[in-house]
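Chemist: Quick one: the structure is below, questions incoming.
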Amino acid sequence: MSLPLVYKSNALIEASYRLTVYEQRILLGCIAQVRRDAPLTDQQLYTVTAQQVADMAGVGLKTAYRHLKEASERLFDRRVTLHEAPNGGGGAKVRLTRWVQEVVYQEDQGTVALRF
């Protein structure tokens, strides 16, 4: 099974943030579903399953279930600090944003859905 590719912008790579490995896996699993040729709206939820996380991490399903809930709850509180260099006049900007707008965890189904 080939995993989808996720491309990160330089601004995101250079941004200040801290995510655990499982938070990153949840994010990347959902980001991989975003179509480059479609607009990103706040109406769309992107879902990742415990099985997908287990496959990405190379761990058992039980371990993935345990980490899925904890990581999704922490992910809701995480922020990103983007440092924007001045383009012409004026000083540099620092932009604070959240990774996600909403997290929907369904324990009985072993899924987490994110709204960006």
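Residue numbering restarts at 1 in every chain; chains get A, B, ... in the order shown in the structure tokens, and ligands count up from 1 in that same order.
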Might you pull out every residue within 12 Å of Thr47 of chain A, with only C-alpha atoms counted and same-chain residues fewer than 6 positions away left off, and present them as a ChimeraX atom specification?

Modeler: /A:25-34,53,68,72,102-106,109-116

Chemist: From a DSSP calculation on the backbone, collect every residue of chain A in helix (DSSP H, G or I) and output the set as a ChimeraX atom specification.

Modeler: /A:10-14,21-31,50-57,61-77

Chemist: Record the distance separating atom CA of Gln51 of chain A and atom CA of Arg66 of chain A, expressed in Å with one decimal.

Modeler: 11.8 Å
